[in-house]
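Let me begin by presenting the structure, written as structure tokens, before commenting on it.
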Amino acid sequence: MRTTRSLGLIVAAIIVCTSCNNTSMVSTWTDPAGHGTMLKKIAVVGFRRNVVNRRLFEDEMIALLTKHGIQAEQSYTFMSEQPDTNADALLDQLRGRGFDGVLISHVVGVRSDVQTTPGTMRYVPEIEFTQFGKYFRTVMMEEITPGTETVNEYVQIQTHLYRASDGGLIWAAQSETERIGDLQSRIEDYSRSVVGDLAKNKLIQK
């Protein structure tokens, strides 16, 4: 019985750990006039220096949006690796493909959080035998524990959702994702947070 319960606790711990959310939405904003406006077709644009990272992000975001009933498309399927910076030309392209929204994401920086634990020193008793079988005395020995320094890194990301009709901003967010685990797991974590907030604000279906 004891073994079974221990195994159950381990399994429960694994489930909790895999569902941990390492992304925090630092701040979000929704256009009051756009709250509750359900979008139907969204283009996803990930501005990344690394082409592979861009495609990984766009693929994951598309997969999640599709689960919410959104017809979504990766920008890399119809835009070059260096998109046209002319806003009017880009909106014309999006409207021509039937999009009513465009979600743009880009990394703006990395924040480091340094946590320091000071070292300690204490005296502990140690028995010292001075003569076999007759007597002993106690001496105090130094026990030193060195300090530690832990550095946690957080990727800072800005995400914006625009109307394709006029380029108006509907929703914006600043988020931080802790740089732990592999890249794919961080992308999945960030994407879930973004899509969850969009659903909460009734911009997409829950």
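To be explicit about the labels: the chains of the structure tokens are called A, B, and onward in the order shown, and within each one the residues are counted from 1, while ligands get numbers from 1 in the order they are shown.
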
Could you give me, as a ChimeraX atom specification, the residues within 10 Å of region 46-59 of chain A, counting only C-alpha atoms and dropping anything in the same chain fewer than 4 positions from it? /A:63-64,72-77,81-83,103-107,159,183-184,186-188,190-191

Could you please write out, as a VMD selection string, every residue of region 45-180 of chain A that DSSP assigns to helix (DSSP H, G or I)? chain A and resid 51 to 67 75 to 77 87 to 96

If you run DSSP on this backbone, which residues of region 141-183 of chain A come out as strand (DSSP E), and could you give them as a PyMOL selection string? chain A and resi 141-145+148-163+169-178

Go ahead and save the residues from that selection, with C-alpha atoms, as a tab-separated table (two decimals), in the first residue's frame.
```tsv
chain	number	residue	atom	x	y	z
A	141	MET	CA	35.59	22.93	14.31
A	142	GLU	CA	34.64	25.47	11.65
A	143	GLU	CA	32.04	24.34	9.11
A	144	ILE	CA	31.78	26.71	6.11
A	145	THR	CA	29.01	26.60	3.50
A	148	THR	CA	25.37	30.49	-4.21
A	149	GLU	CA	24.20	32.66	-7.08
A	150	THR	CA	21.30	31.69	-9.34
A	151	VAL	CA	20.57	33.53	-12.58
A	152	ASN	CA	17.08	33.19	-14.10
A	153	GLU	CA	16.52	34.61	-17.58
A	154	TYR	CA	13.18	35.80	-18.96
A	155	VAL	CA	12.48	36.42	-22.64
A	156	GLN	CA	10.44	39.60	-23.06
A	157	ILE	CA	7.93	39.54	-25.91
A	158	GLN	CA	5.50	42.09	-27.32
A	159	THR	CA	2.41	40.80	-29.11
A	160	HIS	CA	-0.13	42.90	-31.04
A	161	LEU	CA	-3.38	42.04	-32.76
A	162	TYR	CA	-4.51	44.41	-35.51
A	163	ARG	CA	-7.60	44.73	-37.67
A	169	LEU	CA	-4.88	47.98	-32.80
A	170	ILE	CA	-7.35	45.60	-31.11
A	171	TRP	CA	-5.22	43.93	-28.43
A	172	ALA	CA	-1.67	44.27	-27.10
A	173	ALA	CA	0.39	42.40	-24.52
A	174	GLN	CA	3.79	42.42	-22.91
A	175	SER	CA	4.87	39.05	-21.57
A	176	GLU	CA	7.85	37.27	-20.08
A	177	THR	CA	8.71	33.61	-20.58
A	178	GLU	CA	11.31	32.02	-18.34
```

When you count only C-alpha atoms, which of these residues is closest to Leu39 (chain A): A:Gly167, A:Gly96, A:Gly109, A:Gly69? A:Gly69

Can you work out the spacing between CA of Asp88 (chain A) and CA of Lys40 (chain A) in Å, to one decimal?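 It comes out at 21.4 Å.
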